[in-house]
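Take a look at the structure below.
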Amino acid sequence: MSVIHATAIIEDGAVIGADVEIGPYCCIGPNVVLGDGVVLKSHVVIDGRTSIGSGAQIFPFASIGQVPQDLKYAGEPARLEVGANTIIREYVTMHIGTEGGGMLTKVGDNCLIMGSAHVAHDCILGNHVILAQGALLGGHVNIDDYAILGGGVAVHQFVRIGAHAMIGGMSAVERDVIPYGSVTGERAVLAGINLVGMKRRGYDRENIHAVRNAWPKLFDGEAGTLQERVDQVSGEYDGLDAVAEIIDFMRADTSRAFCQPKSES
């Protein structure tokens, strides 16, 4: 049985699932879909063509599904999808997509979006992604499963962040981050591999050692072109899933360069 506070405003057309809790002063727009078991604590605003997955929780003063902060947006019927069991904390903002980005902003299942974080138009987040307090994503950012962004991280538009990557707090990320990459610095540099994350996810020693040994070879600027280094590493570590994931990521289309280790010079 759903529990809806008397002060909540739910516009005609909104679809409310079973066993939903909607707290005081929440405002739900006419094109919103709330899955079963969703909890809105209080003062939550959800608008636009927005769907919230089952079991998700949204905390006070979050603003979800508003139009994007993009001057090219012309009212197109873009969407925002938030996955099951995702937690959205206080003052988070998430915007719908745009025609220039596939008409969709998407946040996967079991994510944790901490207070005051921002997910801009056309961002695509995988499952189990964590954005810490105040993390900011520009438009069209892609973040793969299990990536973690520390507090105050700012990500440039169109950047890709690979699965299991770890971005240190207060970093400005202007370039793609490879899967399993560990990134730090005011202007983010690739500092190593997220070995702790790999161990927590149950990777075996062979894959962990392979990634630890492969990534410096990929970014050794004196050993041929980037494409040549990618091909060499691909052959050397053939059959190892974790390295293959990095190779596939680096071979995919992108408009950004790759985050590199800090130069010794």
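Chain lettering (A, B, ...) mirrors the order of the structure tokens, residue numbering begins at 1 for each chain separately, and ligand numbering begins at 1 in order of display.
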Report as JSON lines: every residue of region 164-208 of chain A with an atom at most 10 Å from region 142-147 of chain A, its closest pair of atoms, and their distance in Å to one decimal, counting only C-alpha atoms, with rows sorted by chain and ascending residue number.
{"residue": "A:His164", "atom": "CA", "partner": "A:Ala147", "partner_atom": "CA", "distance": 4.4}
{"residue": "A:Ala165", "atom": "CA", "partner": "A:Ala147", "partner_atom": "CA", "distance": 4.7}
{"residue": "A:Met166", "atom": "CA", "partner": "A:Ala147", "partner_atom": "CA", "distance": 6.0}
{"residue": "A:Ile167", "atom": "CA", "partner": "A:Ala147", "partner_atom": "CA", "distance": 8.1}
{"residue": "A:Asp176", "atom": "CA", "partner": "A:Asn142", "partner_atom": "CA", "distance": 9.5}
{"residue": "A:Val177", "atom": "CA", "partner": "A:Ile143", "partner_atom": "CA", "distance": 9.5}
{"residue": "A:Pro179", "atom": "CA", "partner": "A:Asp144", "partner_atom": "CA", "distance": 8.2}
{"residue": "A:Tyr180", "atom": "CA", "partner": "A:Ala147", "partner_atom": "CA", "distance": 8.3}
{"residue": "A:Gly181", "atom": "CA", "partner": "A:Ala147", "partner_atom": "CA", "distance": 9.4}
{"residue": "A:Asn194", "atom": "CA", "partner": "A:Ala147", "partner_atom": "CA", "distance": 9.9}
{"residue": "A:Gly197", "atom": "CA", "partner": "A:Tyr146", "partner_atom": "CA", "distance": 8.5}
{"residue": "A:Arg201", "atom": "CA", "partner": "A:Tyr146", "partner_atom": "CA", "distance": 9.0}
Item to check | Spatial neighbours of Gln57 (chain A), 8 Å, only C-alpha atoms, chain gap at least 3 places, as a list in words | outcome: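 The residues satisfying every condition are Val38, Val39, Leu40, Lys41, Asn85, Thr86, Ile87 and Ile88 of chain A.
CA of Cys27 (chain A) is found 10.8 Å from CA of Ala62 (chain A).
For the residues A:Val189, A:Leu149, A:Leu218, A:Ala242, ranking by smallest atom-to-atom distance to Arg205 (chain A) using only C-alpha atoms places A:Ala242 first.
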Item to check | Shell of 7 Å around Val20 (chain A), only C-alpha atoms, local chain residues under 2 positions omitted, as a PyMOL selection string | outcome: chain A and resi 2-3+17-18+22+36-39
Please produce an output containing C-alpha atoms for each residue in the selection, written as a PDB file, in the first residue's frame.
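Once written, result_19.pdb looks like this:
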ATOM      1  CA  SER A   2       1.377   3.418  -0.971  1.00  0.00           C
ATOM      2  CA  VAL A   3       1.699   6.185   1.590  1.00  0.00           C
ATOM      3  CA  GLY A  17       3.729   2.042  -8.479  1.00  0.00           C
ATOM      4  CA  ALA A  18       2.801  -0.153  -5.533  1.00  0.00           C
ATOM      5  CA  ILE A  22       5.871  10.138  -1.021  1.00  0.00           C
ATOM      6  CA  ASP A  36       7.248  -0.104  -6.964  1.00  0.00           C
ATOM      7  CA  GLY A  37       8.687   0.674  -3.559  1.00  0.00           C
ATOM      8  CA  VAL A  38      10.146   4.084  -4.459  1.00  0.00           C
ATOM      9  CA  VAL A  39      10.665   6.370  -1.455  1.00  0.00           C
TER      10      VAL A  39
END
Give me the residues near Val211 (chain A) as a compact mmCIF listing (two decimals) with C-alpha atoms, in the first residue's frame, where near means some atom within 7 Å (using only C-alpha atoms) and where sequence neighbours in that chain fewer than 3 positions away do not count.
# COMPACT_ATOMS: atom_id res chain seq x y z
CA ASN A 207 43.92 -10.64 -14.13
CA ILE A 208 45.08 -8.22 -11.42
CA ALA A 214 49.85 -3.82 -18.97
CA TRP A 215 48.83 -0.23 -18.29
CA ALA A 242 40.38 -7.37 -17.58
CA VAL A 243 43.06 -6.35 -20.08
Next on the checklist: Residues within 12 Å of Gln69 (chain A), please, as a list in words. Count only C-alpha atoms; anything in the same chain fewer than 5 positions from it doesn't count.
Outcome noted: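 After dropping sequence-adjacent residues, the list is Ala74, Gly75, Thr93, Met94, His95, Ile96, Gly97, Thr98, His118, Val119, Ala120, His121, Asp122, Gly138 and Gly139 of chain A.
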Please write the residues from the selection above to a file, keeping C-alpha atoms, as a PDB file, in the first residue's frame.
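Resulting contents of selection_20.pdb:
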ATOM      1  CA  ALA A  74      14.329  23.263 -27.953  1.00  0.00           C
ATOM      2  CA  GLY A  75      11.706  21.421 -25.945  1.00  0.00           C
ATOM      3  CA  THR A  93      20.176  17.627  -9.813  1.00  0.00           C
ATOM      4  CA  MET A  94      19.608  15.384 -12.840  1.00  0.00           C
ATOM      5  CA  HIS A  95      18.395  16.605 -16.222  1.00  0.00           C
ATOM      6  CA  ILE A  96      16.669  14.980 -19.176  1.00  0.00           C
ATOM      7  CA  GLY A  97      18.541  14.417 -22.444  1.00  0.00           C
ATOM      8  CA  THR A  98      18.664  16.394 -25.676  1.00  0.00           C
ATOM      9  CA  HIS A 118      24.968  17.015 -10.744  1.00  0.00           C
ATOM     10  CA  VAL A 119      24.187  14.668 -13.656  1.00  0.00           C
ATOM     11  CA  ALA A 120      23.856  16.754 -16.803  1.00  0.00           C
ATOM     12  CA  HIS A 121      21.936  16.057 -19.995  1.00  0.00           C
ATOM     13  CA  ASP A 122      22.723  12.927 -21.990  1.00  0.00           C
ATOM     14  CA  GLY A 138      29.152  17.825 -17.860  1.00  0.00           C
ATOM     15  CA  GLY A 139      26.848  16.807 -20.695  1.00  0.00           C
TER      16      GLY A 139
END
Checklist entry - Out of region 27-261 of chain A, which residues get strand (DSSP E) from DSSP, as a count of residues only? => result 62
Checklist entry - Taking into account only C-alpha atoms, which residue in the set A:Phe158, A:Ala210, A:Val141, A:Gly152 is nearest to Asp238 (chain A)? => result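 Once distances to Asp238 (chain A) are computed over only C-alpha atoms, the minimum belongs to A:Ala210.
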Neighbouring residues of Gln260 (chain A) were defined as those with any atom within 12 Å, considering only C-alpha atoms; residues of the same chain fewer than 3 positions away were excluded. Please report them as a short mmCIF file (atom, residue, chain, number, x, y, z; two decimals) with N, CA and C atoms, in the first residue's frame.
data_model
loop_
_atom_site.label_atom_id
_atom_site.label_comp_id
_atom_site.auth_asym_id
_atom_site.auth_seq_id
_atom_site.Cartn_x
_atom_site.Cartn_y
_atom_site.Cartn_z
N VAL A 173 38.58 16.23 -14.51
CA VAL A 173 38.82 15.16 -15.48
C VAL A 173 38.45 15.67 -16.86
N GLU A 174 39.46 15.86 -17.70
CA GLU A 174 39.26 16.40 -19.04
C GLU A 174 39.44 15.35 -20.13
N ARG A 175 39.90 14.16 -19.75
CA ARG A 175 40.21 13.12 -20.72
C ARG A 175 39.62 11.78 -20.27
N ASP A 176 39.49 10.86 -21.21
CA ASP A 176 38.95 9.54 -20.91
C ASP A 176 39.84 8.80 -19.90
N VAL A 177 39.21 8.08 -19.00
CA VAL A 177 39.92 7.30 -17.98
C VAL A 177 39.68 5.82 -18.27
N ILE A 178 40.76 5.06 -18.44
CA ILE A 178 40.64 3.65 -18.79
C ILE A 178 39.98 2.86 -17.66
N GLY A 181 41.40 2.35 -13.98
CA GLY A 181 42.35 3.43 -13.76
C GLY A 181 42.12 4.13 -12.43
N SER A 182 43.22 4.56 -11.80
CA SER A 182 43.17 5.38 -10.59
C SER A 182 43.71 6.75 -10.95
N VAL A 183 42.89 7.78 -10.77
CA VAL A 183 43.20 9.11 -11.27
C VAL A 183 43.21 10.10 -10.11
N THR A 184 44.20 10.98 -10.09
CA THR A 184 44.29 11.99 -9.04
C THR A 184 44.81 13.29 -9.65
N GLY A 185 44.73 14.35 -8.88
CA GLY A 185 45.36 15.61 -9.27
C GLY A 185 44.37 16.67 -9.68
N ARG A 187 44.51 18.71 -12.17
CA ARG A 187 44.25 18.35 -13.56
C ARG A 187 44.60 16.87 -13.65
N ALA A 188 43.58 16.04 -13.72
CA ALA A 188 43.71 14.62 -13.42
C ALA A 188 44.77 13.92 -14.26
N VAL A 189 45.59 13.11 -13.60
CA VAL A 189 46.57 12.26 -14.26
C VAL A 189 46.34 10.82 -13.81
N LEU A 190 46.73 9.89 -14.67
CA LEU A 190 46.59 8.47 -14.36
C LEU A 190 47.71 8.07 -13.42
N ALA A 191 47.34 7.74 -12.18
CA ALA A 191 48.34 7.46 -11.15
C ALA A 191 48.60 5.98 -10.97
N GLY A 192 47.76 5.14 -11.52
CA GLY A 192 47.93 3.70 -11.34
C GLY A 192 46.63 2.98 -11.61
N TRP A 215 49.16 -1.64 -18.08
CA TRP A 215 48.83 -0.23 -18.29
C TRP A 215 50.06 0.66 -18.54
N PRO A 216 51.23 0.43 -17.87
CA PRO A 216 52.38 1.29 -18.23
C PRO A 216 52.83 1.11 -19.67
N LYS A 217 52.68 -0.09 -20.21
CA LYS A 217 53.07 -0.33 -21.60
C LYS A 217 52.18 0.44 -22.57
N LEU A 218 50.91 0.59 -22.20
CA LEU A 218 49.99 1.31 -23.08
C LEU A 218 50.32 2.79 -23.17
N PHE A 219 50.93 3.33 -22.14
CA PHE A 219 51.17 4.78 -22.10
C PHE A 219 52.67 5.13 -22.17
N ASP A 220 53.49 4.19 -22.62
CA ASP A 220 54.90 4.44 -22.85
C ASP A 220 55.07 5.11 -24.21
N GLY A 221 55.15 6.43 -24.20
CA GLY A 221 55.17 7.19 -25.43
C GLY A 221 56.38 6.95 -26.31
N LEU A 226 50.24 5.03 -30.22
CA LEU A 226 49.28 4.48 -29.28
C LEU A 226 48.62 3.23 -29.87
N ALA A 257 41.01 12.75 -25.66
CA ALA A 257 42.26 12.02 -25.49
C ALA A 257 42.14 11.15 -24.23
N SER A 263 54.02 13.21 -16.63
CA SER A 263 55.33 13.21 -17.30
C SER A 263 56.44 13.39 -16.29
N GLU A 264 57.54 12.67 -16.51
CA GLU A 264 58.69 12.79 -15.61
C GLU A 264 59.49 14.05 -15.86
#
Item to check | Residue nearest Tyr25 (chain A) - candidates A:Gly13, A:Gly48, A:Gly239, A:Pro60, atoms counted: only C-alpha atoms | outcome: A:Pro60
